>>> print(open('model-v2.txt').read())   # compact mmCIF, C-alpha atoms and all ligand atoms
# COMPACT_ATOMS: atom_id res chain seq x y z
CA VAL A 668 0.00 0.00 0.00
CA ASN A 669 3.02 2.25 0.45
CA ARG A 670 3.09 5.32 -1.76
CA ASN A 671 6.93 5.40 -1.67
CA LEU A 672 7.06 2.05 -3.47
CA HIS A 673 4.32 3.00 -5.88
CA PRO A 674 4.22 6.76 -6.51
CA ILE A 675 1.47 6.62 -9.14
CA ASN A 676 -2.16 6.44 -7.98
CA SER A 677 -3.74 3.01 -8.48
CA THR A 678 -6.79 2.84 -10.64
CA ILE A 679 -9.13 -0.09 -10.36
CA ASN A 680 -10.95 -1.03 -13.53
CA ILE A 681 -14.32 -2.69 -13.26
CA GLY A 682 -15.99 -3.22 -16.64
CA GLU A 683 -16.34 0.21 -18.22
CA ASN A 684 -15.76 1.98 -14.93
CA SER A 685 -12.61 2.85 -13.11
CA ILE A 686 -12.15 3.88 -9.50
CA GLY A 687 -9.27 6.16 -8.61
CA SER A 688 -8.81 7.93 -11.93
CA ASN A 689 -9.68 11.57 -12.40
CA ASN A 690 -13.36 11.15 -11.75
CA ILE A 691 -15.54 10.78 -8.67
CA THR A 692 -17.16 7.33 -8.49
CA ILE A 693 -20.63 7.19 -6.99
CA ILE A 694 -21.85 3.94 -5.45
CA ALA A 695 -25.48 4.18 -4.35
CA GLY A 696 -28.28 1.95 -3.14
CA PRO A 697 -30.05 0.71 -0.06
CA CYS A 698 -28.38 -0.54 3.09
CA SER A 699 -30.15 -3.85 2.52
CA VAL A 700 -31.82 -5.55 -0.39
CA GLU A 701 -35.46 -6.04 0.72
CA SER A 702 -37.40 -7.18 -2.36
CA GLU A 703 -37.09 -7.34 -6.14
CA GLU A 704 -39.36 -4.34 -6.55
CA GLN A 705 -37.34 -2.30 -4.03
CA ILE A 706 -33.88 -3.03 -5.42
CA VAL A 707 -34.85 -2.71 -9.09
CA ASN A 708 -36.70 0.55 -8.42
CA ILE A 709 -33.77 2.06 -6.50
CA ALA A 710 -31.24 0.80 -9.06
CA GLU A 711 -33.15 2.41 -11.92
CA ARG A 712 -33.49 5.70 -10.04
CA VAL A 713 -29.85 5.97 -8.94
CA LYS A 714 -28.67 5.02 -12.40
CA ALA A 715 -30.85 7.71 -13.97
CA SER A 716 -29.25 10.22 -11.56
CA GLY A 717 -25.72 9.20 -12.58
CA ALA A 718 -24.54 6.57 -10.09
CA THR A 719 -22.18 4.05 -11.68
CA PHE A 720 -22.35 1.26 -9.06
CA LEU A 721 -25.22 -0.26 -7.10
CA ARG A 722 -24.74 -1.11 -3.44
CA GLY A 723 -27.07 -3.36 -1.43
CA GLY A 724 -26.38 -5.60 1.53
CA VAL A 725 -27.60 -9.19 1.53
CA PHE A 726 -25.56 -10.53 4.44
CA LYS A 727 -25.94 -7.85 7.10
CA PRO A 728 -23.67 -7.46 10.14
CA ARG A 729 -26.34 -6.24 12.57
CA THR A 730 -25.57 -5.21 16.14
CA SER A 731 -28.57 -7.13 17.46
CA PRO A 732 -29.15 -10.75 16.45
CA TYR A 733 -32.89 -9.97 16.55
CA SER A 734 -32.58 -7.34 13.79
CA PHE A 735 -33.12 -8.15 10.11
CA GLN A 736 -30.07 -10.11 8.98
CA GLY A 737 -30.48 -9.61 5.23
CA LEU A 738 -31.98 -11.83 2.53
CA GLY A 739 -28.79 -13.85 2.09
CA GLU A 740 -28.45 -15.88 -1.10
CA ASN A 741 -31.93 -14.85 -2.26
CA GLY A 742 -30.86 -11.23 -1.96
CA LEU A 743 -27.91 -11.91 -4.21
CA GLU A 744 -30.31 -13.20 -6.86
CA LEU A 745 -32.29 -9.95 -6.59
CA LEU A 746 -29.11 -7.90 -6.95
CA LYS A 747 -28.34 -9.85 -10.13
CA ILE A 748 -31.77 -8.99 -11.50
CA ALA A 749 -31.17 -5.29 -10.74
CA LYS A 750 -27.79 -5.51 -12.45
CA GLU A 751 -29.32 -7.16 -15.52
CA LYS A 752 -31.99 -4.49 -15.75
CA THR A 753 -29.72 -1.48 -15.28
CA GLY A 754 -26.21 -2.61 -16.19
CA LEU A 755 -24.94 -1.27 -12.85
CA PRO A 756 -22.13 -3.37 -11.37
CA ILE A 757 -22.84 -4.51 -7.82
CA VAL A 758 -21.08 -3.94 -4.52
CA THR A 759 -22.09 -6.10 -1.57
CA GLU A 760 -20.61 -7.29 1.71
CA LEU A 761 -19.01 -10.69 2.23
CA MET A 762 -19.05 -11.79 5.87
CA SER A 763 -18.23 -15.46 5.56
CA LEU A 764 -15.84 -17.39 3.36
CA GLU A 765 -18.47 -20.03 2.62
CA TYR A 766 -19.97 -17.59 0.08
CA LEU A 767 -16.72 -16.58 -1.59
CA ASP A 768 -17.26 -18.72 -4.72
CA MET A 769 -20.74 -17.31 -5.14
CA PHE A 770 -19.42 -13.76 -4.78
CA LEU A 771 -16.65 -14.46 -7.29
CA GLU A 772 -19.29 -15.34 -9.84
CA ASP A 773 -21.93 -12.68 -9.19
CA VAL A 774 -20.46 -9.67 -7.43
CA ASP A 775 -18.34 -6.94 -9.04
CA VAL A 776 -16.81 -5.44 -5.90
CA ILE A 777 -16.59 -7.37 -2.63
CA GLN A 778 -17.16 -5.21 0.43
CA ILE A 779 -15.37 -6.10 3.65
CA GLY A 780 -17.27 -4.30 6.38
CA ALA A 781 -15.98 -2.29 9.30
CA ARG A 782 -16.61 -5.17 11.70
CA ASN A 783 -14.42 -7.49 9.65
CA MET A 784 -11.56 -5.10 8.90
CA GLN A 785 -9.31 -7.14 11.16
CA ASN A 786 -10.72 -10.55 10.25
CA TYR A 787 -7.33 -11.70 8.99
CA PRO A 788 -8.39 -15.10 7.58
CA LEU A 789 -11.10 -13.33 5.54
CA LEU A 790 -8.61 -10.68 4.36
CA LYS A 791 -6.11 -13.34 3.31
CA GLU A 792 -8.70 -15.24 1.27
CA VAL A 793 -9.94 -12.16 -0.61
CA GLY A 794 -6.26 -11.47 -1.19
CA LYS A 795 -5.94 -14.68 -3.19
CA ILE A 796 -8.44 -13.56 -5.82
CA LYS A 797 -8.36 -10.66 -8.28
CA LYS A 798 -11.85 -9.31 -7.68
CA PRO A 799 -11.80 -5.70 -6.38
CA VAL A 800 -12.24 -5.37 -2.63
CA LEU A 801 -13.82 -2.35 -0.94
CA LEU A 802 -12.27 -2.38 2.52
CA LYS A 803 -14.08 -0.31 5.14
CA ARG A 804 -12.22 1.20 8.07
CA GLY A 805 -12.91 -0.53 11.37
CA MET A 806 -14.94 1.59 13.77
CA SER A 807 -12.02 1.89 16.18
CA ALA A 808 -9.17 1.36 13.76
CA THR A 809 -6.25 3.76 13.47
CA ILE A 810 -5.06 4.74 10.01
CA GLU A 811 -2.05 2.47 10.53
CA GLU A 812 -4.27 -0.51 11.37
CA PHE A 813 -6.48 0.28 8.38
CA LEU A 814 -3.52 0.30 6.01
CA MET A 815 -2.17 -2.90 7.53
CA ALA A 816 -5.51 -4.58 6.85
CA ALA A 817 -5.19 -3.52 3.20
CA GLU A 818 -1.63 -4.86 3.27
CA TYR A 819 -2.97 -8.29 4.33
CA ILE A 820 -5.05 -8.42 1.15
CA MET A 821 -2.34 -7.09 -1.16
CA LEU A 822 0.39 -9.32 0.24
CA GLU A 823 -1.57 -12.33 -1.02
CA GLY A 824 -1.56 -10.85 -4.52
CA ASN A 825 -4.79 -8.89 -4.87
CA GLU A 826 -3.83 -5.29 -5.57
CA ASN A 827 -7.39 -4.20 -6.36
CA VAL A 828 -8.16 -2.64 -3.01
CA ILE A 829 -10.31 0.43 -2.44
CA LEU A 830 -10.15 2.06 1.00
CA CYS A 831 -13.34 3.41 2.55
CA GLU A 832 -13.50 5.92 5.41
CA ARG A 833 -16.87 5.31 7.11
CA GLY A 834 -16.53 7.13 10.41
CA ILE A 835 -14.93 6.13 13.68
CA ARG A 836 -16.27 5.87 17.20
CA THR A 837 -15.62 8.90 19.38
CA PHE A 838 -17.26 10.41 22.47
CA GLU A 839 -19.66 12.37 20.25
CA ARG A 840 -23.13 10.80 20.17
CA TYR A 841 -25.02 13.34 18.06
CA THR A 842 -23.78 11.54 14.99
CA ARG A 843 -23.63 7.73 14.74
CA ASN A 844 -19.89 7.93 14.05
CA THR A 845 -17.42 10.77 13.59
CA LEU A 846 -16.54 10.96 9.91
CA ASP A 847 -12.77 11.33 9.89
CA LEU A 848 -12.28 13.44 6.79
CA SER A 849 -8.67 14.14 7.67
CA ALA A 850 -8.06 10.44 7.04
CA VAL A 851 -8.67 11.02 3.32
CA PRO A 852 -5.62 13.20 2.54
CA ILE A 853 -3.56 11.20 5.04
CA LEU A 854 -4.42 7.89 3.35
CA LYS A 855 -3.70 9.43 -0.03
CA LYS A 856 -0.34 10.71 1.19
CA LEU A 857 0.68 7.35 2.67
CA SER A 858 -0.82 5.09 0.03
CA HIS A 859 -1.48 4.90 -3.71
CA LEU A 860 -4.86 3.19 -3.23
CA PRO A 861 -8.15 4.90 -4.11
CA VAL A 862 -10.04 6.29 -1.13
CA ILE A 863 -13.79 6.63 -0.99
CA VAL A 864 -16.03 8.04 1.74
CA ASP A 865 -19.27 6.75 3.25
CA PRO A 866 -21.15 9.80 4.59
CA SER A 867 -24.17 7.63 5.46
CA HIS A 868 -22.56 5.42 8.11
CA GLY A 869 -20.13 8.25 8.82
CA THR A 870 -22.92 10.43 10.20
CA GLY A 871 -25.99 8.24 10.66
CA LEU A 872 -28.23 11.17 9.68
CA TRP A 873 -29.67 11.59 6.19
CA TRP A 874 -29.52 15.38 6.24
CA LEU A 875 -25.77 15.32 6.82
CA VAL A 876 -25.13 13.20 3.74
CA GLU A 877 -25.15 16.10 1.29
CA PRO A 878 -22.76 18.46 3.14
CA LEU A 879 -20.37 15.64 4.05
CA SER A 880 -20.41 14.32 0.47
CA LYS A 881 -19.28 17.72 -0.74
CA ALA A 882 -16.67 17.94 2.00
CA ALA A 883 -15.33 14.49 1.11
CA ILE A 884 -14.81 15.56 -2.48
CA ALA A 885 -13.17 18.78 -1.32
CA VAL A 886 -10.58 16.83 0.72
CA GLY A 887 -9.70 14.59 -2.23
CA ALA A 888 -11.90 11.47 -2.04
CA ASP A 889 -12.06 9.37 -5.21
CA GLY A 890 -15.68 8.49 -4.66
CA LEU A 891 -18.65 8.13 -2.36
CA ILE A 892 -20.81 5.23 -1.20
CA ILE A 893 -24.25 6.52 -0.31
CA GLU A 894 -27.32 4.80 1.15
CA VAL A 895 -30.40 5.59 -0.93
CA HIS A 896 -33.88 4.18 -0.27
CA ASN A 897 -37.25 4.57 -2.00
CA ASP A 898 -39.00 4.71 1.40
CA PRO A 899 -36.48 5.48 4.17
CA LEU A 900 -39.12 5.64 6.92
CA ASN A 901 -39.96 2.00 6.31
CA ALA A 902 -36.46 0.74 5.47
CA ARG A 903 -35.55 -2.53 7.20
CA CYS A 904 -32.08 -1.19 7.98
CA ASP A 905 -30.46 2.25 8.35
CA GLY A 906 -33.48 4.29 7.20
CA GLU A 907 -32.50 7.28 9.36
CA GLN A 908 -29.29 7.73 7.39
CA SER A 909 -30.74 6.91 3.96
CA ILE A 910 -31.66 9.63 1.49
CA THR A 911 -34.63 9.32 -0.84
CA THR A 912 -34.12 8.75 -4.56
CA GLY A 913 -35.35 12.32 -5.10
CA ARG A 914 -32.77 13.79 -2.75
CA PHE A 915 -30.11 11.64 -4.35
CA GLN A 916 -31.00 13.15 -7.74
CA LYS A 917 -30.57 16.66 -6.27
CA LEU A 918 -27.33 15.67 -4.55
CA MET A 919 -25.91 14.38 -7.85
CA GLU A 920 -26.85 17.62 -9.59
CA SER A 921 -25.00 19.64 -6.99
CA LEU A 922 -21.96 17.32 -7.00
CA LYS A 923 -21.69 17.63 -10.78
CA LEU A 924 -21.23 21.39 -10.30
CA ILE A 925 -18.15 20.87 -8.14
CA ALA A 926 -16.48 17.77 -9.59
CA LYS A 927 -16.24 15.38 -12.51
CA VAL A 928 -18.73 12.77 -11.35
CA GLU A 929 -19.05 9.62 -13.46
C1 LIG B 1 -22.94 -1.09 5.25
O1 LIG B 1 -22.27 -0.63 4.31
O2 LIG B 1 -24.18 -1.23 5.20
C2 LIG B 1 -22.24 -1.40 6.52
C3 LIG B 1 -22.72 -2.31 7.35
O3 LIG B 1 -21.15 -0.65 6.71
P1 LIG B 1 -20.03 -0.67 7.86
O4 LIG B 1 -19.33 -1.99 7.73
O5 LIG B 1 -19.16 0.49 7.51
O6 LIG B 1 -20.74 -0.49 9.18
MN MN B 2 -26.05 0.40 6.34
>>> encode(input="model-v2.txt", output="structure tokens")
Amino acid sequence: VNRNLHPINSTINIGENSIGSNNITIIAGPCSVESEEQIVNIAERVKASGATFLRGGVFKPRTSPYSFQGLGENGLELLKIAKEKTGLPIVTELMSLEYLDMFLEDVDVIQIGARNMQNYPLLKEVGKIKKPVLLKRGMSATIEEFLMAAEYIMLEGNENVILCERGIRTFERYTRNTLDLSAVPILKKLSHLPVIVDPSHGTGLWWLVEPLSKAAIAVGADGLIIEVHNDPLNARCDGEQSITTGRFQKLMESLKLIAKVE
């Protein structure tokens, strides 16, 4: 991951898209896939607004075991339908190695969530493949620990790693996490890997997504991953931090005024 050994920025090519080049990559979609109608509707709307990747969790790392755990394999099938209908490549979280083969086949970018940032066996296995990995910063991870987690993946041979700042736990409780925007230029100084920002988990509040998205671009992020829902009030997961498809459209319009978004 060390910039000194690799002075040129890495770009990660996924189909027609690339992450880490001179454009801002927008990954958008619901926290969780809930139904075919929901995921296809959101995918069509975010695509029409200019998103180039669809996110949607199917294996969900929920704090409470009584909360909705995601649709699992069936959810993956629904993501595939949304991809077929819109052409948007899909980003979804892998929590267990038993699904790795399935993800290799169907998923375009494998997300490793904050809770698994230091799951070293998982990191080593996704290091043995070539599929791009979106590695989220652990909620209490230092920048050094974050980069060492990326190193675990790259040491096995997979250089297609995208770093994601998603907020860290501090004493502040107004926001769900404290979005550490200073991590963005620091990560870019220390490493050649693309860095994206998650203002949804970073704040936990939908109305903070727009200002923090703009701020992330201002500090040099290569992209954003944003939770968008057709009906946030009734979302099965993370509705309070999800923006509507209408607000996402407006957000994209305002981002296009400040950056090359594609
Ligand atoms: C998510 O992207 O829905 C998620 C669970 O993120 P994190 O791992 O950052 O909490
Ligand atoms: Mn979420």
>>> atom_distance(input="model-v2.txt", atom1="CA of Glu812 (chain A)", atom2="atom C2 of ligand LIG 1 (chain B)")
18.6 Å
>>> residues_around(input="model-v2.txt", residues="Leu891 (chain A)", least_positions_apart="4", cutoff="8 Å", atoms="only C-alpha atoms", output="PyMOL selection string")
chain A and resi 691-694+863-866+880+883
>>> residues_near_ligand(input="model-v2.txt", ligand="ligand MN 2 (chain B)", cutoff="12 Å", atoms="all atoms listed in the file", output="ChimeraX atom specification")
/A:695-700,722-730,735-737,759-760,780-781,833,843,865-873,892-896,899,902-910
>>> atom_distance(input="model-v2.txt", atom1="CA of Thr678 (chain A)", atom2="CA of Met821 (chain A)")
14.4 Å
>>> atom_distance(input="model-v2.txt", atom1="CA of Leu745 (chain A)", atom2="CA of Val928 (chain A)")
26.9 Å
>>> axis_aligned_box(input="model-v2.txt", around="ligand LIG 1 (chain B)", padding_each_side="8 Å", output="JSON")
{"center_x": -21.7, "center_y": -0.9, "center_z": 6.7, "size_x": 21.0, "size_y": 18.8, "size_z": 20.9}
>>> residues_around(input="model-v2.txt", residues="Glu832 (chain A)", least_positions_apart="2", cutoff="8 Å", atoms="all atoms listed in the file", output="compact mmCIF listing (two decimals) with C-alpha atoms, in the coordinates of the input")
# COMPACT_ATOMS: atom_id res chain seq x y z
CA LYS A 803 -14.08 -0.31 5.14
CA ARG A 804 -12.22 1.20 8.07
CA LEU A 830 -10.15 2.06 1.00
CA GLY A 834 -16.53 7.13 10.41
CA LEU A 846 -16.54 10.96 9.91
CA ASP A 847 -12.77 11.33 9.89
CA LEU A 848 -12.28 13.44 6.79
CA ALA A 850 -8.06 10.44 7.04
CA VAL A 851 -8.67 11.02 3.32
CA VAL A 862 -10.04 6.29 -1.13
CA ILE A 863 -13.79 6.63 -0.99
CA VAL A 864 -16.03 8.04 1.74
CA ASP A 865 -19.27 6.75 3.25
CA GLY A 869 -20.13 8.25 8.82
>>> closest_residue(input="model-v2.txt", among="A:Ile779, A:Ile796, A:Ala882, A:Ala808", to="ligand LIG 1 (chain B)", atoms="all atoms listed in the file")
A:Ile779
>>> closest_atom_pairs(input="model-v2.txt", of="region 737-794 of chain A", to="region 703-714 of chain A", cutoff="8 Å", atoms="only C-alpha atoms", output="tab-separated table")
residue	atom	partner	partner_atom	distance
A:Leu745	CA	A:Glu703	CA	5.5
A:Leu746	CA	A:Ile706	CA	7.0
A:Ile748	CA	A:Val707	CA	7.4
A:Ala749	CA	A:Val707	CA	4.8
A:Lys750	CA	A:Ala710	CA	8.0
A:Lys752	CA	A:Val707	CA	7.5
A:Thr753	CA	A:Glu711	CA	6.2
A:Leu755	CA	A:Lys714	CA	7.3
>>> closest_residue(input="model-v2.txt", among="A:Lys798, A:Leu771, A:Glu929, A:Ser849", to="Glu683 (chain A)", atoms="only C-alpha atoms")
A:Glu929
>>> closest_residue(input="model-v2.txt", among="A:Val774, A:Ile853, A:Ala888, A:Val793", to="Phe813 (chain A)", atoms="all atoms listed in the file")
A:Ile853
>>> closest_residue(input="model-v2.txt", among="A:Ala718, A:Leu875, A:Ile777, A:Pro788", to="Thr842 (chain A)", atoms="all atoms listed in the file")
A:Leu875
>>> closest_residue(input="model-v2.txt", among="A:Asn669, A:Ser677, A:Ser734, A:Ser685", to="Val828 (chain A)", atoms="only C-alpha atoms")
A:Ser677
>>> residues_around(input="model-v2.txt", residues="Pro756 (chain A)", least_positions_apart="5", cutoff="9 Å", atoms="only C-alpha atoms", output="list in words")
Ile681, Gly682, Thr719, Phe720, Leu721, Arg722, Lys750, Val774, Asp775 and Val776 of chain A
>>> residues_around(input="model-v2.txt", residues="Lys856 (chain A)", least_positions_apart="4", cutoff="12 Å", atoms="all atoms listed in the file", output="number ranges by chain")
A: 668-671, 673-676, 810, 814, 849-852, 860-862, 886-887
>>> write_last_selection(input="model-v2.txt", atoms="C-alpha atoms", output="mmCIF file, in the coordinates of the input")
data_model
loop_
_atom_site.group_PDB
_atom_site.id
_atom_site.type_symbol
_atom_site.label_atom_id
_atom_site.label_comp_id
_atom_site.auth_asym_id
_atom_site.auth_seq_id
_atom_site.Cartn_x
_atom_site.Cartn_y
_atom_site.Cartn_z
ATOM 1 C CA VAL A 668 0.000 0.000 0.000
ATOM 2 C CA ASN A 669 3.020 2.250 0.450
ATOM 3 C CA ARG A 670 3.090 5.320 -1.760
ATOM 4 C CA ASN A 671 6.930 5.400 -1.670
ATOM 5 C CA HIS A 673 4.320 3.000 -5.880
ATOM 6 C CA PRO A 674 4.220 6.760 -6.510
ATOM 7 C CA ILE A 675 1.470 6.620 -9.140
ATOM 8 C CA ASN A 676 -2.160 6.440 -7.980
ATOM 9 C CA ILE A 810 -5.060 4.740 10.010
ATOM 10 C CA LEU A 814 -3.520 0.300 6.010
ATOM 11 C CA SER A 849 -8.670 14.140 7.670
ATOM 12 C CA ALA A 850 -8.060 10.440 7.040
ATOM 13 C CA VAL A 851 -8.670 11.020 3.320
ATOM 14 C CA PRO A 852 -5.620 13.200 2.540
ATOM 15 C CA LEU A 860 -4.860 3.190 -3.230
ATOM 16 C CA PRO A 861 -8.150 4.900 -4.110
ATOM 17 C CA VAL A 862 -10.040 6.290 -1.130
ATOM 18 C CA VAL A 886 -10.580 16.830 0.720
ATOM 19 C CA GLY A 887 -9.700 14.590 -2.230
#
>>> closest_residue(input="model-v2.txt", among="A:Lys747, A:Lys881, A:Lys797, A:Arg836", to="ligand LIG 1 (chain B)", atoms="all atoms listed in the file")
A:Arg836
>>> decode(input="model-v2.txt", residues="region 813-829 of chain A", atoms="N, CA, C and O atoms", output="CSV table (one decimal), in the first residue's frame")
chain,number,residue,atom,x,y,z
A,813,PHE,N,-5.7,0.3,9.6
A,813,PHE,CA,-6.5,0.3,8.4
A,813,PHE,C,-5.6,-0.1,7.2
A,813,PHE,O,-5.8,-1.0,6.4
A,814,LEU,N,-4.4,0.6,7.1
A,814,LEU,CA,-3.5,0.3,6.0
A,814,LEU,C,-2.9,-1.1,6.1
A,814,LEU,O,-2.7,-1.8,5.1
A,815,MET,N,-2.7,-1.5,7.4
A,815,MET,CA,-2.2,-2.9,7.5
A,815,MET,C,-3.2,-4.0,7.1
A,815,MET,O,-2.8,-5.0,6.6
A,816,ALA,N,-4.5,-3.7,7.3
A,816,ALA,CA,-5.5,-4.6,6.9
A,816,ALA,C,-5.5,-4.7,5.3
A,816,ALA,O,-5.6,-5.8,4.8
A,817,ALA,N,-5.3,-3.5,4.7
A,817,ALA,CA,-5.2,-3.5,3.2
A,817,ALA,C,-3.9,-4.3,2.8
A,817,ALA,O,-3.9,-5.0,1.8
A,818,GLU,N,-2.9,-4.2,3.6
A,818,GLU,CA,-1.6,-4.9,3.3
A,818,GLU,C,-1.8,-6.4,3.3
A,818,GLU,O,-1.3,-7.1,2.5
A,819,TYR,N,-2.7,-6.9,4.2
A,819,TYR,CA,-3.0,-8.3,4.3
A,819,TYR,C,-3.5,-8.8,3.0
A,819,TYR,O,-3.2,-9.9,2.6
A,820,ILE,N,-4.4,-8.0,2.4
A,820,ILE,CA,-5.1,-8.4,1.1
A,820,ILE,C,-4.0,-8.4,0.0
A,820,ILE,O,-3.9,-9.3,-0.7
A,821,MET,N,-3.3,-7.3,0.0
A,821,MET,CA,-2.3,-7.1,-1.2
A,821,MET,C,-1.2,-8.1,-1.1
A,821,MET,O,-0.7,-8.5,-2.1
A,822,LEU,N,-0.8,-8.4,0.1
A,822,LEU,CA,0.4,-9.3,0.2
A,822,LEU,C,0.1,-10.7,-0.4
A,822,LEU,O,1.0,-11.4,-0.9
A,823,GLU,N,-1.2,-11.0,-0.4
A,823,GLU,CA,-1.6,-12.3,-1.0
A,823,GLU,C,-1.7,-12.2,-2.5
A,823,GLU,O,-1.9,-13.2,-3.2
A,824,GLY,N,-1.6,-11.0,-3.1
A,824,GLY,CA,-1.6,-10.8,-4.5
A,824,GLY,C,-2.7,-10.0,-5.1
A,824,GLY,O,-2.6,-9.7,-6.3
A,825,ASN,N,-3.7,-9.7,-4.3
A,825,ASN,CA,-4.8,-8.9,-4.9
A,825,ASN,C,-4.5,-7.4,-4.6
A,825,ASN,O,-4.6,-6.9,-3.5
A,826,GLU,N,-4.2,-6.7,-5.7
A,826,GLU,CA,-3.8,-5.3,-5.6
A,826,GLU,C,-5.0,-4.4,-5.8
A,826,GLU,O,-4.9,-3.2,-5.7
A,827,ASN,N,-6.2,-5.0,-6.1
A,827,ASN,CA,-7.4,-4.2,-6.4
A,827,ASN,C,-8.2,-3.9,-5.1
A,827,ASN,O,-9.3,-4.3,-4.9
A,828,VAL,N,-7.5,-3.0,-4.3
A,828,VAL,CA,-8.2,-2.6,-3.0
A,828,VAL,C,-8.6,-1.2,-3.0
A,828,VAL,O,-7.8,-0.3,-3.5
A,829,ILE,N,-9.8,-0.9,-2.6
A,829,ILE,CA,-10.3,0.4,-2.4
A,829,ILE,C,-10.5,0.7,-0.9
A,829,ILE,O,-11.2,-0.1,-0.3
